[in-house]
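So this block is query13.pdb, PDB, C-alpha atoms, pLDDT in the B column:
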ATOM      1  CA  MET A 610      92.758 117.211 100.470  1.00 48.00           C
ATOM      2  CA  SER A 611      94.354 117.302  97.018  1.00 49.00           C
ATOM      3  CA  GLU A 612      93.141 114.821  94.421  1.00 49.00           C
ATOM      4  CA  ARG A 613      96.810 114.096  93.742  1.00 54.00           C
ATOM      5  CA  ILE A 614      97.443 112.737  97.238  1.00 59.00           C
ATOM      6  CA  GLU A 615      98.056 109.278  95.732  1.00 68.00           C
ATOM      7  CA  GLU A 616     101.297 110.675  94.311  1.00 77.00           C
ATOM      8  CA  ILE A 617     102.934 111.045  97.709  1.00 84.00           C
ATOM      9  CA  GLY A 618     103.741 108.894 100.694  1.00 90.00           C
ATOM     10  CA  ILE A 619     104.045 110.152 104.247  1.00 93.00           C
ATOM     11  CA  ILE A 620     105.791 109.048 107.437  1.00 96.00           C
ATOM     12  CA  PRO A 621     104.548 110.902 110.535  1.00 96.00           C
ATOM     13  CA  PHE A 622     107.100 110.580 113.337  1.00 97.00           C
ATOM     14  CA  GLY A 623     108.098 111.683 116.817  1.00 97.00           C
ATOM     15  CA  ILE A 624     104.542 111.273 118.144  1.00 96.00           C
ATOM     16  CA  GLU A 625     102.308 108.714 119.858  1.00 95.00           C
ATOM     17  CA  SER A 626      99.261 109.250 117.638  1.00 95.00           C
ATOM     18  CA  TRP A 627      98.010 111.518 114.878  1.00 95.00           C
ATOM     19  CA  SER A 628      94.934 112.531 112.932  1.00 94.00           C
ATOM     20  CA  ALA A 629      94.564 112.863 109.179  1.00 91.00           C
ATOM     21  CA  SER A 630      92.569 116.055 109.744  1.00 91.00           C
ATOM     22  CA  ASP A 631      95.800 117.736 110.894  1.00 92.00           C
ATOM     23  CA  LEU A 632      97.488 117.181 107.526  1.00 89.00           C
ATOM     24  CA  ARG A 633      97.610 119.955 104.961  1.00 86.00           C
ATOM     25  CA  VAL A 634      98.557 119.087 101.394  1.00 80.00           C
ATOM     26  CA  ASN A 635      99.797 122.060  99.403  1.00 75.00           C
ATOM     27  CA  GLU A 636     100.441 122.275  95.683  1.00 67.00           C
ATOM     28  CA  ARG A 637     103.248 124.620  94.679  1.00 61.00           C
ATOM     29  CA  MET A 638     103.716 126.532  91.441  1.00 46.00           C
ATOM     30  CA  SER A 639     106.201 123.854  90.441  1.00 47.00           C
ATOM     31  CA  ALA A 640     103.319 121.337  90.648  1.00 53.00           C
ATOM     32  CA  ARG A 641     105.147 119.732  93.561  1.00 65.00           C
ATOM     33  CA  LEU A 642     103.055 118.575  96.488  1.00 69.00           C
ATOM     34  CA  THR A 643     104.130 119.293 100.052  1.00 78.00           C
ATOM     35  CA  VAL A 644     102.612 118.192 103.343  1.00 86.00           C
ATOM     36  CA  SER A 645     102.494 120.189 106.560  1.00 87.00           C
ATOM     37  CA  ALA A 646     101.172 119.264 109.999  1.00 91.00           C
ATOM     38  CA  PRO A 647     101.493 120.325 113.658  1.00 92.00           C
ATOM     39  CA  PHE A 648     103.803 117.331 114.133  1.00 94.00           C
ATOM     40  CA  PRO A 649     106.869 116.118 112.210  1.00 94.00           C
ATOM     41  CA  VAL A 650     105.973 114.412 108.957  1.00 94.00           C
ATOM     42  CA  ALA A 651     108.206 113.303 106.102  1.00 93.00           C
ATOM     43  CA  ALA A 652     106.672 113.292 102.628  1.00 90.00           C
ATOM     44  CA  PHE A 653     108.056 111.747  99.465  1.00 90.00           C
ATOM     45  CA  GLU A 654     106.993 111.120  95.891  1.00 85.00           C
ATOM     46  CA  ARG A 655     105.845 107.578  95.265  1.00 82.00           C
ATOM     47  CA  GLY A 656     107.766 105.785  92.559  1.00 78.00           C
ATOM     48  CA  ARG A 657     110.808 107.988  93.030  1.00 82.00           C
ATOM     49  CA  ALA A 658     114.042 106.700  94.557  1.00 85.00           C
ATOM     50  CA  ALA A 659     114.011 109.270  97.349  1.00 90.00           C
ATOM     51  CA  THR A 660     116.101 109.203 100.515  1.00 95.00           C
ATOM     52  CA  ILE A 661     115.236 111.202 103.622  1.00 95.00           C
ATOM     53  CA  ARG A 662     118.546 112.451 105.000  1.00 96.00           C
ATOM     54  CA  LEU A 663     119.771 113.987 108.228  1.00 96.00           C
ATOM     55  CA  ASN A 664     120.019 117.331 106.417  1.00 94.00           C
ATOM     56  CA  SER A 665     116.451 117.173 105.109  1.00 91.00           C
ATOM     57  CA  ALA A 666     114.266 120.143 105.996  1.00 84.00           C
ATOM     58  CA  MET A 667     111.462 117.635 106.642  1.00 87.00           C
ATOM     59  CA  LEU A 668     113.319 116.456 109.724  1.00 90.00           C
ATOM     60  CA  GLY A 669     112.260 119.726 111.341  1.00 89.00           C
ATOM     61  CA  LEU A 670     115.403 120.544 113.343  1.00 89.00           C
ATOM     62  CA  PRO A 671     114.504 123.760 115.207  1.00 86.00           C
ATOM     63  CA  ALA A 672     116.668 126.850 114.911  1.00 82.00           C
ATOM     64  CA  PRO A 673     119.045 127.259 117.868  1.00 81.00           C
ATOM     65  CA  ASN A 674     117.796 129.265 120.825  1.00 77.00           C
ATOM     66  CA  LEU A 675     119.948 131.291 123.217  1.00 69.00           C
ATOM     67  CA  ILE A 676     120.769 128.189 125.263  1.00 74.00           C
ATOM     68  CA  ASP A 677     121.799 126.199 122.186  1.00 69.00           C
ATOM     69  CA  THR A 678     124.157 128.745 120.644  1.00 74.00           C
ATOM     70  CA  GLU A 679     127.204 127.037 122.166  1.00 79.00           C
ATOM     71  CA  LYS A 680     126.182 123.603 120.908  1.00 84.00           C
ATOM     72  CA  THR A 681     127.367 122.090 117.649  1.00 88.00           C
ATOM     73  CA  ILE A 682     124.891 121.134 114.938  1.00 90.00           C
ATOM     74  CA  ARG A 683     125.617 117.507 115.698  1.00 91.00           C
ATOM     75  CA  GLU A 684     124.789 117.966 119.393  1.00 92.00           C
ATOM     76  CA  ARG A 685     121.552 119.775 118.587  1.00 92.00           C
ATOM     77  CA  LEU A 686     120.583 117.101 116.069  1.00 94.00           C
ATOM     78  CA  ALA A 687     121.291 114.258 118.517  1.00 94.00           C
ATOM     79  CA  GLU A 688     119.286 115.945 121.278  1.00 94.00           C
ATOM     80  CA  TYR A 689     116.398 116.676 118.920  1.00 95.00           C
ATOM     81  CA  LEU A 690     116.150 113.106 117.632  1.00 96.00           C
ATOM     82  CA  THR A 691     116.456 111.713 121.158  1.00 95.00           C
ATOM     83  CA  ARG A 692     113.624 113.978 122.270  1.00 95.00           C
ATOM     84  CA  LEU A 693     111.478 112.723 119.384  1.00 96.00           C
ATOM     85  CA  ALA A 694     112.211 109.135 120.442  1.00 96.00           C
ATOM     86  CA  GLY A 695     110.192 109.871 123.567  1.00 92.00           C
ATOM     87  CA  PRO A 696     110.783 109.778 127.317  1.00 87.00           C
ATOM     88  CA  TRP A 697     111.653 106.567 129.130  1.00 84.00           C
ATOM     89  CA  ASN A 698     113.181 105.135 125.971  1.00 88.00           C
ATOM     90  CA  PRO A 699     116.828 104.375 126.805  1.00 88.00           C
ATOM     91  CA  ILE A 700     117.313 101.943 123.924  1.00 93.00           C
ATOM     92  CA  GLY A 701     116.051 104.625 121.533  1.00 93.00           C
ATOM     93  CA  GLY A 702     118.675 107.064 122.760  1.00 93.00           C
ATOM     94  CA  GLN A 703     121.314 104.350 122.591  1.00 95.00           C
ATOM     95  CA  PHE A 704     120.302 103.511 119.019  1.00 97.00           C
ATOM     96  CA  LEU A 705     120.681 107.137 117.939  1.00 97.00           C
ATOM     97  CA  GLY A 706     124.029 107.588 119.674  1.00 96.00           C
ATOM     98  CA  ARG A 707     125.458 104.420 118.169  1.00 96.00           C
ATOM     99  CA  TYR A 708     124.084 105.299 114.732  1.00 97.00           C
ATOM    100  CA  LEU A 709     125.882 108.643 114.686  1.00 96.00           C
ATOM    101  CA  ALA A 710     129.057 106.936 115.923  1.00 96.00           C
ATOM    102  CA  PHE A 711     128.703 104.389 113.105  1.00 96.00           C
ATOM    103  CA  LEU A 712     128.420 107.219 110.575  1.00 96.00           C
ATOM    104  CA  ASP A 713     131.612 108.735 112.003  1.00 95.00           C
ATOM    105  CA  THR A 714     133.349 105.419 111.396  1.00 95.00           C
ATOM    106  CA  GLU A 715     132.100 105.286 107.818  1.00 96.00           C
ATOM    107  CA  VAL A 716     133.338 108.824 107.143  1.00 96.00           C
ATOM    108  CA  ASP A 717     136.746 107.908 108.581  1.00 96.00           C
ATOM    109  CA  ARG A 718     136.808 104.757 106.458  1.00 95.00           C
ATOM    110  CA  HIS A 719     136.368 106.784 103.272  1.00 95.00           C
ATOM    111  CA  ARG A 720     138.145 109.959 104.397  1.00 95.00           C
ATOM    112  CA  GLY A 721     140.689 109.866 101.566  1.00 95.00           C
ATOM    113  CA  GLU A 722     138.046 109.592  98.853  1.00 95.00           C
ATOM    114  CA  ILE A 723     135.874 112.237 100.507  1.00 94.00           C
ATOM    115  CA  SER A 724     138.813 114.636 100.770  1.00 94.00           C
ATOM    116  CA  ASP A 725     139.560 114.140  97.076  1.00 94.00           C
ATOM    117  CA  ARG A 726     135.934 114.929  96.185  1.00 92.00           C
ATOM    118  CA  LEU A 727     135.973 118.098  98.283  1.00 92.00           C
ATOM    119  CA  ALA A 728     139.453 119.265  97.219  1.00 92.00           C
ATOM    120  CA  PRO A 729     138.166 121.566  94.414  1.00 91.00           C
ATOM    121  CA  PHE A 730     136.421 123.699  97.053  1.00 89.00           C
ATOM    122  CA  GLY A 731     139.690 124.789  98.625  1.00 88.00           C
ATOM    123  CA  GLY A 732     139.110 123.666 102.201  1.00 86.00           C
ATOM    124  CA  LEU A 733     135.604 125.118 102.444  1.00 90.00           C
ATOM    125  CA  TYR A 734     134.296 121.756 103.625  1.00 91.00           C
ATOM    126  CA  ASP A 735     135.555 119.221 106.127  1.00 92.00           C
ATOM    127  CA  PRO A 736     135.124 115.505 105.315  1.00 92.00           C
ATOM    128  CA  ARG A 737     132.991 115.189 108.447  1.00 92.00           C
ATOM    129  CA  ASP A 738     130.397 117.485 106.864  1.00 93.00           C
ATOM    130  CA  VAL A 739     129.161 114.660 104.629  1.00 95.00           C
ATOM    131  CA  LEU A 740     127.783 112.855 107.688  1.00 95.00           C
ATOM    132  CA  TYR A 741     124.528 114.801 107.337  1.00 95.00           C
ATOM    133  CA  SER A 742     123.905 113.266 103.920  1.00 96.00           C
ATOM    134  CA  ALA A 743     123.271 109.939 105.666  1.00 97.00           C
ATOM    135  CA  PRO A 744     119.733 108.524 105.851  1.00 97.00           C
ATOM    136  CA  ALA A 745     117.768 109.901 108.791  1.00 97.00           C
ATOM    137  CA  PRO A 746     116.386 107.616 111.507  1.00 98.00           C
ATOM    138  CA  LEU A 747     112.808 108.791 112.089  1.00 98.00           C
ATOM    139  CA  PRO A 748     111.888 107.963 115.714  1.00 98.00           C
ATOM    140  CA  ARG A 749     108.430 106.720 116.719  1.00 97.00           C
ATOM    141  CA  ALA A 750     107.472 106.594 113.064  1.00 98.00           C
ATOM    142  CA  PHE A 751     104.194 105.576 111.458  1.00 98.00           C
ATOM    143  CA  VAL A 752     104.678 103.689 108.189  1.00 97.00           C
ATOM    144  CA  HIS A 753     102.003 102.774 105.686  1.00 94.00           C
ATOM    145  CA  ALA A 754     101.109  99.104 106.091  1.00 94.00           C
ATOM    146  CA  PRO A 755      97.359  98.508 105.684  1.00 92.00           C
ATOM    147  CA  ALA A 756      95.844  95.460 107.311  1.00 88.00           C
ATOM    148  CA  PRO A 757      95.044  92.557 104.960  1.00 81.00           C
ATOM    149  CA  ASP A 758      91.772  92.876 103.045  1.00 76.00           C
ATOM    150  CA  THR A 759      91.565  96.583 103.861  1.00 72.00           C
ATOM    151  CA  ARG A 760      89.858  98.739 101.270  1.00 67.00           C
ATOM    152  CA  SER A 761      91.320 102.210 100.926  1.00 64.00           C
ATOM    153  CA  GLU A 762      89.384 105.063  99.393  1.00 65.00           C
ATOM    154  CA  PRO A 763      91.248 106.902  96.600  1.00 60.00           C
ATOM    155  CA  GLY A 764      92.864 110.052  97.934  1.00 62.00           C
ATOM    156  CA  ALA A 765      92.274 109.088 101.573  1.00 75.00           C
ATOM    157  CA  ILE A 766      94.933 109.015 104.282  1.00 86.00           C
ATOM    158  CA  ARG A 767      93.786 106.907 107.213  1.00 90.00           C
ATOM    159  CA  PRO A 768      95.865 106.538 110.389  1.00 93.00           C
ATOM    160  CA  GLU A 769      94.548 102.998 110.825  1.00 94.00           C
ATOM    161  CA  ASP A 770      96.443 102.044 107.655  1.00 94.00           C
ATOM    162  CA  PHE A 771      99.734 102.949 109.365  1.00 96.00           C
ATOM    163  CA  VAL A 772     101.686 101.069 112.008  1.00 97.00           C
ATOM    164  CA  LYS A 773     104.088 102.495 114.555  1.00 97.00           C
ATOM    165  CA  VAL A 774     107.729 101.377 114.595  1.00 97.00           C
ATOM    166  CA  ASP A 775     110.682 102.412 116.744  1.00 97.00           C
ATOM    167  CA  PHE A 776     112.572 103.947 113.805  1.00 98.00           C
ATOM    168  CA  ALA A 777     111.905 104.264 110.092  1.00 98.00           C
ATOM    169  CA  PHE A 778     114.305 105.011 107.252  1.00 98.00           C
ATOM    170  CA  LEU A 779     113.509 105.892 103.659  1.00 97.00           C
ATOM    171  CA  VAL A 780     116.413 104.864 101.430  1.00 97.00           C
ATOM    172  CA  GLY A 781     116.148 104.902  97.654  1.00 94.00           C
ATOM    173  CA  GLY A 782     112.366 104.993  97.836  1.00 93.00           C
ATOM    174  CA  LYS A 783     112.210 101.939 100.102  1.00 95.00           C
ATOM    175  CA  THR A 784     110.953 102.040 103.677  1.00 96.00           C
ATOM    176  CA  ILE A 785     112.950 100.199 106.333  1.00 98.00           C
ATOM    177  CA  ALA A 786     111.597  99.697 109.852  1.00 98.00           C
ATOM    178  CA  ALA A 787     113.814  99.163 112.897  1.00 98.00           C
ATOM    179  CA  LEU A 788     112.182  97.339 115.813  1.00 97.00           C
ATOM    180  CA  GLY A 789     113.807  97.295 119.235  1.00 96.00           C
ATOM    181  CA  LEU A 790     113.956  94.124 121.336  1.00 93.00           C
ATOM    182  CA  PRO A 791     112.629  93.169 123.759  1.00 92.00           C
ATOM    183  CA  SER A 792     109.423  94.631 122.392  1.00 91.00           C
ATOM    184  CA  ARG A 793     106.794  96.297 124.539  1.00 89.00           C
ATOM    185  CA  LEU A 794     104.214  94.460 122.434  1.00 91.00           C
ATOM    186  CA  THR A 795     102.850  91.025 123.210  1.00 92.00           C
ATOM    187  CA  PRO A 796     104.274  88.236 121.016  1.00 93.00           C
ATOM    188  CA  GLY A 797     101.023  87.988 119.074  1.00 95.00           C
ATOM    189  CA  THR A 798     100.778  91.735 118.472  1.00 94.00           C
ATOM    190  CA  LEU A 799     104.422  91.869 117.409  1.00 95.00           C
ATOM    191  CA  ARG A 800     103.895  89.002 114.967  1.00 95.00           C
ATOM    192  CA  ARG A 801     100.880  90.751 113.395  1.00 94.00           C
ATOM    193  CA  LEU A 802     102.869  93.984 113.146  1.00 96.00           C
ATOM    194  CA  GLN A 803     105.683  92.201 111.335  1.00 96.00           C
ATOM    195  CA  GLU A 804     103.194  90.489 109.013  1.00 95.00           C
ATOM    196  CA  ARG A 805     101.614  93.818 108.064  1.00 96.00           C
ATOM    197  CA  LEU A 806     105.010  95.364 107.413  1.00 97.00           C
ATOM    198  CA  SER A 807     106.076  92.416 105.281  1.00 96.00           C
ATOM    199  CA  ALA A 808     102.832  92.470 103.278  1.00 95.00           C
ATOM    200  CA  ALA A 809     103.363  96.186 102.593  1.00 94.00           C
ATOM    201  CA  GLY A 810     106.881  95.565 101.288  1.00 95.00           C
ATOM    202  CA  VAL A 811     108.559  97.217 104.269  1.00 97.00           C
ATOM    203  CA  THR A 812     111.916  95.708 105.215  1.00 97.00           C
ATOM    204  CA  THR A 813     112.142  94.996 108.949  1.00 97.00           C
ATOM    205  CA  VAL A 814     115.331  94.837 111.006  1.00 97.00           C
ATOM    206  CA  SER A 815     115.162  93.950 114.699  1.00 96.00           C
ATOM    207  CA  PHE A 816     117.845  94.997 117.154  1.00 96.00           C
ATOM    208  CA  ALA A 817     118.666  94.505 120.817  1.00 95.00           C
ATOM    209  CA  ALA A 818     120.947  96.573 123.040  1.00 93.00           C
ATOM    210  CA  LYS A 819     123.789  94.088 122.535  1.00 93.00           C
ATOM    211  CA  ASP A 820     123.579  94.551 118.751  1.00 94.00           C
ATOM    212  CA  LEU A 821     124.197  98.284 119.089  1.00 94.00           C
ATOM    213  CA  GLY A 822     127.555  97.666 120.728  1.00 85.00           C
ATOM    214  CA  SER A 823     128.894  95.638 117.809  1.00 87.00           C
ATOM    215  CA  GLU A 824     132.120  97.164 116.505  1.00 84.00           C
ATOM    216  CA  ASP A 825     131.318  96.313 112.881  1.00 89.00           C
ATOM    217  CA  GLY A 826     127.964  98.123 113.037  1.00 94.00           C
ATOM    218  CA  ALA A 827     126.235  95.112 111.494  1.00 95.00           C
ATOM    219  CA  VAL A 828     122.716  96.243 112.410  1.00 97.00           C
ATOM    220  CA  PHE A 829     123.250  99.643 110.772  1.00 97.00           C
ATOM    221  CA  ARG A 830     124.788  98.068 107.679  1.00 97.00           C
ATOM    222  CA  GLU A 831     121.718  95.880 107.373  1.00 97.00           C
ATOM    223  CA  LEU A 832     119.397  98.857 107.825  1.00 97.00           C
ATOM    224  CA  LEU A 833     121.100 101.091 105.257  1.00 97.00           C
ATOM    225  CA  GLY A 834     122.061  98.480 102.697  1.00 96.00           C
ATOM    226  CA  HIS A 835     124.422  99.185  99.820  1.00 95.00           C
ATOM    227  CA  GLU A 836     122.575 102.294  98.671  1.00 94.00           C
ATOM    228  CA  GLY A 837     122.386 103.902 102.100  1.00 96.00           C
ATOM    229  CA  LEU A 838     126.042 103.205 102.874  1.00 96.00           C
ATOM    230  CA  ARG A 839     127.175 105.301  99.917  1.00 94.00           C
ATOM    231  CA  PHE A 840     125.682 108.443 101.496  1.00 95.00           C
ATOM    232  CA  TRP A 841     129.072 110.154 101.507  1.00 93.00           C
ATOM    233  CA  LYS A 842     129.123 110.308  97.707  1.00 91.00           C
ATOM    234  CA  ASP A 843     125.424 110.972  97.034  1.00 88.00           C
ATOM    235  CA  GLU A 844     125.422 114.767  97.235  1.00 87.00           C
ATOM    236  CA  THR A 845     127.754 117.091  95.347  1.00 82.00           C
ATOM    237  CA  LEU A 846     128.099 119.508  98.264  1.00 86.00           C
ATOM    238  CA  PRO A 847     127.719 118.788 101.986  1.00 88.00           C
ATOM    239  CA  ILE A 848     124.607 120.421 103.420  1.00 88.00           C
ATOM    240  CA  ALA A 849     124.037 120.977 107.132  1.00 85.00           C
ATOM    241  CA  PRO A 850     120.726 120.206 108.873  1.00 86.00           C
ATOM    242  CA  GLY A 851     118.345 122.953 109.881  1.00 72.00           C
ATOM    243  CA  ARG A 852     118.108 124.778 106.569  1.00 60.00           C
ATOM    244  CA  PRO A 853     114.669 126.069 105.542  1.00 53.00           C
ATOM    245  CA  GLU A 854     112.855 124.218 102.791  1.00 54.00           C
ATOM    246  CA  LEU A 855     112.676 126.246  99.606  1.00 46.00           C
ATOM    247  CA  HIS A 856     109.618 126.126  97.347  1.00 43.00           C
ATOM    248  CA  PHE A 857     109.448 127.383  93.789  1.00 37.00           C
TER     249      PHE A 857
END
Could you rewrite the structure in this file as structure tokens?
Amino acid sequence: MSERIEEIGIIPFGIESWSASDLRVNERMSARLTVSAPFPVAAFERGRAATIRLNSAMLGLPAPNLIDTEKTIRERLAEYLTRLAGPWNPIGGQFLGRYLAFLDTEVDRHRGEISDRLAPFGGLYDPRDVLYSAPAPLPRAFVHAPAPDTRSEPGAIRPEDFVKVDFAFLVGGKTIAALGLPSRLTPGTLRRLQERLSAAGVTTVSFAAKDLGSEDGAVFRELLGHEGLRFWKDETLPIAPGRPELHF
């Protein structure tokens, strides 16, 4: 593994477990590090105010097959994320559906400003296209939160230093964990999980099914914060999900 591994952070997601031996760290001609694995994994530069978005190539949205050709990008994205959330996880599917609906509301709220920003492109883009610039909810995500008094070897990535959460967001370089309630964990295990997340500087937001039905989207506003809520003005041009990642 590259000696520069300390420069990047990773969030494996959409899985029940993983092994560090499956990770491949590649150094490009641009001196940029990338991470690949046989499972979805988001990588980001430490110390940089990065946001992982719905249009990020790291999300791994598969190309449409013959069955999917009639589906919209939004439908394919929703189905893909729901699949990553795992079977027998109704609150996970509900979370994703309500999150996308919340983003629709935010786009409608700022439709006038978005239209003004896109006007120079002569109708090439629809205001709804900016939805994919929103932060991505990474289902069944593993975030870095070492146990207290744990000694980490330089350059080592150890699964035991990560904890699993229902959803993770990376917004402006900060990791936010969403935990569904009621939890499948025992009260003691849940408390220790929250303590590890807090000690690692990870913001935690808990939600129950009733919170997802709130018309003001309070739980999503808390998750995204001020920086995440301005997604519709972050990127100059709207970019759809599913594009290949380019390396130089």
The PyMOL selection byres ((chain A and resi 646-649) around 8) resolved against shown file, as a PyMOL selection string: chain A and resi 621-624+631-633+644-645+650-651+667-669
Could you give me the axis-aligned bounding box of range 752-756 of chain A, with 3 Å of padding per side, as centre plus edge lengths in Å to one decimal, as JSON?
{"center_x": 100.3, "center_y": 99.6, "center_z": 106.9, "size_x": 14.8, "size_y": 14.2, "size_z": 8.5}
Within 7 Å of file point (119.4, 96.4, 106.1), counting all atoms listed in the file, expressed as a PyMOL selection string: chain A and resi 814+829-834
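Distance annotation: of A:Arg839, A:Arg720, A:Arg801, A:Arg657, the residue with the minimal separation from Asp738 in chain A is A:Arg720; atom set is only C-alpha atoms.
As for CA of Gly810 in chain A and CA of Thr660 in chain A, they are spaced 16.5 Å apart.
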Among the residues A:Lys773, A:Lys680, A:Arg662, A:Arg707, the one that comes closest to Trp627 in chain A [using all atoms listed in the file]: A:Lys773
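From CA of Ala808 in chain A back to CA of Pro757 in chain A, the distance works out to 8.0 Å.
Residue membership of the PyMOL selection byres ((chain A and resi 837) around 8) in the shown file amounts to Ala743, Pro744, Val780, Gly781, Leu833, Gly834, His835, Glu836, Leu838, Arg839 and Phe840 of chain A.
Of the listed residues A:Glu769, A:Asp713, A:Asp758, A:Glu654, the one whose atoms come nearest to Ala629 in chain A is A:Glu769, with distances taken using only C-alpha atoms.
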From the structure block, carefully write range 639-704 of chain A out with C-alpha atoms; format it as an mmCIF file, in the first residue's frame.
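Full text of selection.cif as output:
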data_model
loop_
_atom_site.group_PDB
_atom_site.id
_atom_site.type_symbol
_atom_site.label_atom_id
_atom_site.label_comp_id
_atom_site.auth_asym_id
_atom_site.auth_seq_id
_atom_site.Cartn_x
_atom_site.Cartn_y
_atom_site.Cartn_z
ATOM 1 C CA SER A 639 -1.076 13.900 -11.448
ATOM 2 C CA ALA A 640 0.248 12.636 -8.081
ATOM 3 C CA ARG A 641 -3.365 12.109 -7.045
ATOM 4 C CA LEU A 642 -4.159 8.986 -5.070
ATOM 5 C CA THR A 643 -7.190 6.870 -5.911
ATOM 6 C CA VAL A 644 -8.620 3.827 -4.167
ATOM 7 C CA SER A 645 -10.307 0.861 -5.812
ATOM 8 C CA ALA A 646 -11.937 -2.215 -4.292
ATOM 9 C CA PRO A 647 -14.435 -4.968 -5.187
ATOM 10 C CA PHE A 648 -17.015 -3.035 -3.156
ATOM 11 C CA PRO A 649 -18.099 0.625 -3.192
ATOM 12 C CA VAL A 650 -15.618 2.901 -1.470
ATOM 13 C CA ALA A 651 -15.462 6.686 -1.367
ATOM 14 C CA ALA A 652 -12.019 8.253 -1.025
ATOM 15 C CA PHE A 653 -11.154 11.849 -0.237
ATOM 16 C CA GLU A 654 -8.105 13.955 0.514
ATOM 17 C CA ARG A 655 -7.641 14.669 4.192
ATOM 18 C CA GLY A 656 -7.517 18.340 5.052
ATOM 19 C CA ARG A 657 -9.484 19.299 1.962
ATOM 20 C CA ALA A 658 -13.060 20.575 2.136
ATOM 21 C CA ALA A 659 -14.392 17.814 -0.101
ATOM 22 C CA THR A 660 -18.029 16.843 -0.580
ATOM 23 C CA ILE A 661 -19.118 13.486 -1.976
ATOM 24 C CA ARG A 662 -22.098 14.218 -4.212
ATOM 25 C CA LEU A 663 -24.827 12.214 -5.890
ATOM 26 C CA ASN A 664 -23.040 12.763 -9.211
ATOM 27 C CA SER A 665 -19.693 11.516 -7.903
ATOM 28 C CA ALA A 666 -18.136 8.678 -9.876
ATOM 29 C CA MET A 667 -17.164 7.140 -6.520
ATOM 30 C CA LEU A 668 -20.821 6.391 -5.883
ATOM 31 C CA GLY A 669 -20.483 3.645 -8.487
ATOM 32 C CA LEU A 670 -23.865 3.937 -10.226
ATOM 33 C CA PRO A 671 -23.819 1.127 -12.820
ATOM 34 C CA ALA A 672 -24.457 1.847 -16.479
ATOM 35 C CA PRO A 673 -28.048 1.075 -17.517
ATOM 36 C CA ASN A 674 -28.767 -2.414 -18.794
ATOM 37 C CA LEU A 675 -31.464 -3.363 -21.300
ATOM 38 C CA ILE A 676 -34.106 -3.478 -18.562
ATOM 39 C CA ASP A 677 -33.149 -0.042 -17.231
ATOM 40 C CA THR A 678 -33.188 1.856 -20.519
ATOM 41 C CA GLU A 679 -36.721 3.136 -19.888
ATOM 42 C CA LYS A 680 -35.890 4.358 -16.391
ATOM 43 C CA THR A 681 -34.814 7.891 -15.570
ATOM 44 C CA ILE A 682 -31.441 8.573 -13.973
ATOM 45 C CA ARG A 683 -33.250 9.479 -10.784
ATOM 46 C CA GLU A 684 -35.101 6.145 -10.716
ATOM 47 C CA ARG A 685 -31.903 4.197 -11.335
ATOM 48 C CA LEU A 686 -30.083 6.160 -8.640
ATOM 49 C CA ALA A 687 -32.864 5.610 -6.083
ATOM 50 C CA GLU A 688 -32.991 1.876 -6.811
ATOM 51 C CA TYR A 689 -29.208 1.574 -6.630
ATOM 52 C CA LEU A 690 -28.925 3.343 -3.275
ATOM 53 C CA THR A 691 -31.851 1.356 -1.875
ATOM 54 C CA ARG A 692 -30.149 -1.858 -2.952
ATOM 55 C CA LEU A 693 -26.950 -0.759 -1.199
ATOM 56 C CA ALA A 694 -28.959 -0.076 1.968
ATOM 57 C CA GLY A 695 -29.531 -3.820 2.156
ATOM 58 C CA PRO A 696 -32.527 -6.152 2.253
ATOM 59 C CA TRP A 697 -35.067 -6.036 5.062
ATOM 60 C CA ASN A 698 -34.281 -2.383 5.694
ATOM 61 C CA PRO A 699 -37.557 -0.488 5.190
ATOM 62 C CA ILE A 700 -36.450 2.585 7.135
ATOM 63 C CA GLY A 701 -33.356 2.789 4.924
ATOM 64 C CA GLY A 702 -35.497 2.870 1.802
ATOM 65 C CA GLN A 703 -37.806 5.401 3.420
ATOM 66 C CA PHE A 704 -34.840 7.595 4.352
#
